[in-house]
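> Take a look at this one; I'll ask things after.
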Amino acid sequence: MADIAVHDLSKVYRSKAHPDGLLALDRISLAVADHQFVCLLGPSGCGKSTVLNVLSGLDQHYTGEVRVAGAVVSRSNAHPFRVGYVFQEPRLLPWLTVRGNIEFALESAGIPKSEWSERINGWLGRVGLRDFAEVHPHELSGGMQQRTSIARAFAIDPEILLMDEPFSGLDELTARSMRELLLGIWLETRKTVIFVTHNCFEACFLADRIAVFAPRPGRIKQEFTVDLGRPRDYEDPRLFEMSVKVTHFVTGKLAA
């Protein structure tokens, strides 16, 4: 089980420019059911990525409560779950091959070495990179680097997958194929996914639910349920209608 409950999560950043603190998140509450795909949608700087950093354990300086499968996550408690994280930039280790990058993740996650070969070959096959296992990151296109990042994240068999605008730096044709790839994998694995984006159409195409963030300080001002069934079709007029509805809300154009 990897259901997530966030209650009254607040985060203040302090720096020389803001000695009294800059409120980034203001009492965020969010519930994500096991196996659900949830998108956090909003403008840059509204705290979406901060939520992911708290959930992953990268940021432990906050107020409020975070629970996973009922267990409180805190600075004093080890995370009771395994997390995969796909960043906006691939963040691959440049001195390692594609295979080596995934091996590093498997070792860090405590996966027995006897399982590495099967996991790596299986996931590279799923993302279409089986013939590139011994290639270094600089020899790959941006899309291929993100495919490697996705394979690395899924290879550790995470209970939760966090994705921080992973397709925003790609051209639209590549991003479209990556969304379809991700959804295909998700339909097979049914991981709990929290996906950050500022793209309304992308959120509607991917998500079961969309949490719309207000500008800083980050607050969730609306949630949408995307009841379009799966698998999804880019040409589905209902998807376009849903995207327009969400876009109008985000831009303040909804009729009163």
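By order of appearance in the structure tokens: chains A, B, ..., then residues from 1 within every chain, and ligands from 1 in the order shown.
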Could you find all residues in stretch 5-180 of chain A that DSSP calls strand (DSSP E) from the backbone, and write them as an mmCIF file with N, CA and C atoms, in the first residue's frame?

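Saved result, out26.cif, follows:
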```
data_model
loop_
_atom_site.group_PDB
_atom_site.id
_atom_site.type_symbol
_atom_site.label_atom_id
_atom_site.label_comp_id
_atom_site.auth_asym_id
_atom_site.auth_seq_id
_atom_site.Cartn_x
_atom_site.Cartn_y
_atom_site.Cartn_z
ATOM 1 N N ALA A 5 -1.147 10.789 2.561
ATOM 2 C CA ALA A 5 -1.987 11.812 3.179
ATOM 3 C C ALA A 5 -1.093 12.951 3.651
ATOM 4 N N VAL A 6 -1.283 14.113 3.072
ATOM 5 C CA VAL A 6 -0.546 15.321 3.456
ATOM 6 C C VAL A 6 -1.527 16.251 4.149
ATOM 7 N N HIS A 7 -1.167 16.723 5.351
ATOM 8 C CA HIS A 7 -2.085 17.560 6.128
ATOM 9 C C HIS A 7 -1.370 18.818 6.601
ATOM 10 N N ASP A 8 -1.912 19.971 6.206
ATOM 11 C CA ASP A 8 -1.407 21.281 6.649
ATOM 12 C C ASP A 8 0.097 21.438 6.425
ATOM 13 N N LEU A 9 0.568 21.020 5.277
ATOM 14 C CA LEU A 9 1.990 21.132 4.960
ATOM 15 C C LEU A 9 2.331 22.579 4.615
ATOM 16 N N SER A 10 3.276 23.139 5.362
ATOM 17 C CA SER A 10 3.768 24.491 5.100
ATOM 18 C C SER A 10 5.284 24.464 5.024
ATOM 19 N N LYS A 11 5.819 25.356 4.203
ATOM 20 C CA LYS A 11 7.268 25.419 4.013
ATOM 21 C C LYS A 11 7.694 26.873 3.881
ATOM 22 N N VAL A 12 8.695 27.258 4.674
ATOM 23 C CA VAL A 12 9.262 28.602 4.621
ATOM 24 C C VAL A 12 10.730 28.492 4.220
ATOM 25 N N TYR A 13 11.108 29.252 3.201
ATOM 26 C CA TYR A 13 12.513 29.330 2.796
ATOM 27 C C TYR A 13 13.130 30.591 3.391
ATOM 28 N N LEU A 22 10.417 33.244 3.365
ATOM 29 C CA LEU A 22 9.522 33.326 2.214
ATOM 30 C C LEU A 22 8.602 32.116 2.259
ATOM 31 N N LEU A 23 7.304 32.366 2.406
ATOM 32 C CA LEU A 23 6.333 31.278 2.517
ATOM 33 C C LEU A 23 6.107 30.656 1.145
ATOM 34 N N ALA A 24 6.552 29.415 0.983
ATOM 35 C CA ALA A 24 6.423 28.726 -0.304
ATOM 36 C C ALA A 24 5.170 27.865 -0.363
ATOM 37 N N LEU A 25 4.842 27.193 0.734
ATOM 38 C CA LEU A 25 3.637 26.363 0.830
ATOM 39 C C LEU A 25 2.839 26.804 2.043
ATOM 40 N N ASP A 26 1.548 26.928 1.869
ATOM 41 C CA ASP A 26 0.686 27.416 2.944
ATOM 42 C C ASP A 26 -0.426 26.408 3.221
ATOM 43 N N ARG A 27 -0.183 25.549 4.186
ATOM 44 C CA ARG A 27 -1.187 24.594 4.694
ATOM 45 C C ARG A 27 -1.794 23.740 3.571
ATOM 46 N N ILE A 28 -0.921 23.060 2.855
ATOM 47 C CA ILE A 28 -1.350 22.148 1.792
ATOM 48 C C ILE A 28 -1.887 20.857 2.408
ATOM 49 N N SER A 29 -3.056 20.435 1.968
ATOM 50 C CA SER A 29 -3.593 19.125 2.346
ATOM 51 C C SER A 29 -3.967 18.383 1.067
ATOM 52 N N LEU A 30 -3.543 17.133 0.996
ATOM 53 C CA LEU A 30 -3.739 16.351 -0.226
ATOM 54 C C LEU A 30 -3.791 14.877 0.131
ATOM 55 N N ALA A 31 -4.735 14.159 -0.452
ATOM 56 C CA ALA A 31 -4.827 12.709 -0.265
ATOM 57 C C ALA A 31 -4.678 12.033 -1.621
ATOM 58 N N VAL A 32 -3.803 11.048 -1.679
ATOM 59 C CA VAL A 32 -3.572 10.293 -2.911
ATOM 60 C C VAL A 32 -3.755 8.815 -2.593
ATOM 61 N N PHE A 37 -2.922 8.111 -10.105
ATOM 62 C CA PHE A 37 -2.049 9.018 -10.851
ATOM 63 C C PHE A 37 -2.598 10.429 -10.642
ATOM 64 N N VAL A 38 -1.850 11.249 -9.910
ATOM 65 C CA VAL A 38 -2.285 12.599 -9.569
ATOM 66 C C VAL A 38 -1.303 13.609 -10.139
ATOM 67 N N CYS A 39 -1.833 14.650 -10.789
ATOM 68 C CA CYS A 39 -1.001 15.739 -11.290
ATOM 69 C C CYS A 39 -1.147 16.965 -10.401
ATOM 70 N N LEU A 40 -0.018 17.588 -10.093
ATOM 71 C CA LEU A 40 0.012 18.888 -9.431
ATOM 72 C C LEU A 40 0.246 19.922 -10.519
ATOM 73 N N LEU A 41 -0.742 20.783 -10.731
ATOM 74 C CA LEU A 41 -0.730 21.717 -11.859
ATOM 75 C C LEU A 41 -0.681 23.147 -11.345
ATOM 76 N N THR A 63 6.584 22.205 8.256
ATOM 77 C CA THR A 63 5.598 21.945 9.299
ATOM 78 C C THR A 63 4.412 21.237 8.674
ATOM 79 N N GLY A 64 3.640 20.550 9.498
ATOM 80 C CA GLY A 64 2.529 19.750 9.001
ATOM 81 C C GLY A 64 2.853 18.277 9.123
ATOM 82 N N GLU A 65 2.018 17.468 8.530
ATOM 83 C CA GLU A 65 2.170 16.017 8.667
ATOM 84 C C GLU A 65 2.068 15.337 7.310
ATOM 85 N N VAL A 66 2.933 14.355 7.106
ATOM 86 C CA VAL A 66 2.907 13.526 5.900
ATOM 87 C C VAL A 66 2.833 12.071 6.337
ATOM 88 N N ARG A 67 1.853 11.346 5.826
ATOM 89 C CA ARG A 67 1.704 9.923 6.131
ATOM 90 C C ARG A 67 1.705 9.119 4.837
ATOM 91 N N VAL A 68 2.364 7.994 4.878
ATOM 92 C CA VAL A 68 2.332 7.035 3.779
ATOM 93 C C VAL A 68 1.933 5.690 4.355
ATOM 94 N N ALA A 71 1.712 5.516 8.100
ATOM 95 C CA ALA A 71 2.896 5.782 8.920
ATOM 96 C C ALA A 71 3.350 7.222 8.726
ATOM 97 N N VAL A 72 3.635 7.895 9.837
ATOM 98 C CA VAL A 72 4.091 9.277 9.776
ATOM 99 C C VAL A 72 5.524 9.322 9.259
ATOM 100 N N VAL A 73 5.761 10.186 8.281
ATOM 101 C CA VAL A 73 7.103 10.413 7.762
ATOM 102 C C VAL A 73 7.657 11.653 8.448
ATOM 103 N N VAL A 83 10.887 5.164 -3.037
ATOM 104 C CA VAL A 83 10.464 6.242 -3.925
ATOM 105 C C VAL A 83 11.341 6.287 -5.166
ATOM 106 N N GLY A 84 10.710 6.394 -6.332
ATOM 107 C CA GLY A 84 11.413 6.707 -7.567
ATOM 108 C C GLY A 84 11.188 8.173 -7.891
ATOM 109 N N TYR A 85 12.218 8.849 -8.378
ATOM 110 C CA TYR A 85 12.120 10.291 -8.641
ATOM 111 C C TYR A 85 12.674 10.552 -10.038
ATOM 112 N N VAL A 86 11.846 11.125 -10.907
ATOM 113 C CA VAL A 86 12.272 11.533 -12.245
ATOM 114 C C VAL A 86 12.229 13.054 -12.287
ATOM 115 N N ILE A 160 6.099 4.471 -4.729
ATOM 116 C CA ILE A 160 5.661 5.797 -5.167
ATOM 117 C C ILE A 160 6.627 6.313 -6.219
ATOM 118 N N LEU A 161 6.084 6.910 -7.283
ATOM 119 C CA LEU A 161 6.906 7.530 -8.313
ATOM 120 C C LEU A 161 6.593 9.022 -8.355
ATOM 121 N N LEU A 162 7.618 9.837 -8.145
ATOM 122 C CA LEU A 162 7.504 11.291 -8.200
ATOM 123 C C LEU A 162 8.133 11.771 -9.500
ATOM 124 N N MET A 163 7.416 12.647 -10.226
ATOM 125 C CA MET A 163 7.902 13.108 -11.528
ATOM 126 C C MET A 163 7.745 14.624 -11.604
ATOM 127 N N ASP A 164 8.865 15.321 -11.767
ATOM 128 C CA ASP A 164 8.883 16.781 -11.715
ATOM 129 C C ASP A 164 9.086 17.365 -13.113
#
```
> Got a sec to tell me which of stretch 9-216 of chain A DSSP assigns to helix (DSSP H, G or I), as a PyMOL selection string?
chain A and resi 48-56+98-108+113-126+130-132+137-139+142-155+172-189+200-206
> Could you name the residues that touch stretch 230-244 of chain A at 9 Å or less, counting only C-alpha atoms, but leaving out those on the same chain fewer than 5 positions away, as number ranges by chain?
A: 180, 183-184, 187, 200-206, 249
> One decimal, in Å: what's the spacing between atom CA of A:Arg209 and atom CA of A:Thr225?
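Atom-to-atom, atom CA of A:Arg209 to atom CA of A:Thr225, that is 4.5 Å.
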> Closest to A:Arg216 among A:Cys46, A:Asp20, A:Ser141, A:His35, using only C-alpha atoms?
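Of all the options, A:Cys46 lies closest to A:Arg216.
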> Looking at A:Pro215, A:Pro166, A:Pro112, A:Gly143, which one is nearest to A:Thr251, with distances taken over only C-alpha atoms?
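Between A:Pro215, A:Pro166, A:Pro112, A:Gly143, the residue approaching A:Thr251 most closely is A:Pro215.
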> Please provide the set of residues having any atom within 9 Å of A:Leu106, restricted to only C-alpha atoms, with same-chain residues fewer than 6 positions apart removed, written as a list of chain:residue names.
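Residues near the query, excluding close chain neighbours: A:Pro112, A:Lys113, A:Trp116, A:Arg152, A:Ala155, A:Ile156.
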> Using only C-alpha atoms, which residue out of A:Val98, A:Ile210, A:Leu173, A:Pro217 lies closest to A:Gly21?
A:Pro217
> In Å to one decimal, how far is atom CA of A:His198 from atom CA of A:Pro43?
5.7 Å
> From the options A:Glu223, A:Glu139, A:Glu118, A:Glu103, which residue's atoms come nearest to A:Ala211, counting only C-alpha atoms?
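Among the listed residues, the smallest separation from A:Ala211 belongs to A:Glu223.
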> What does the structure give for the distance between atom CA of A:Ile4 and atom CA of A:Glu115, in Å to one decimal?
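Between atom CA of A:Ile4 and atom CA of A:Glu115 the gap works out to 28.4 Å.
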> Give me the residues within 8 Å of A:Thr50 as an MDAnalysis selection string, counting only C-alpha atoms and dropping any in the same chain fewer than 3 places off.
chainID A and resid 25 47 53:54 59
> Counting only C-alpha atoms, which of A:Pro94, A:Gly169, A:Gly57, A:Gly229 gets nearest to A:Val135?
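Residue with the minimum atom-to-atom distance to A:Val135: A:Pro94.
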> Which of these residues is nearest to A:Ile220, using only C-alpha atoms: A:Ala33, A:Val51, A:Ile111, A:Ile185?
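So, comparing all the options, the nearest one is A:Val51.
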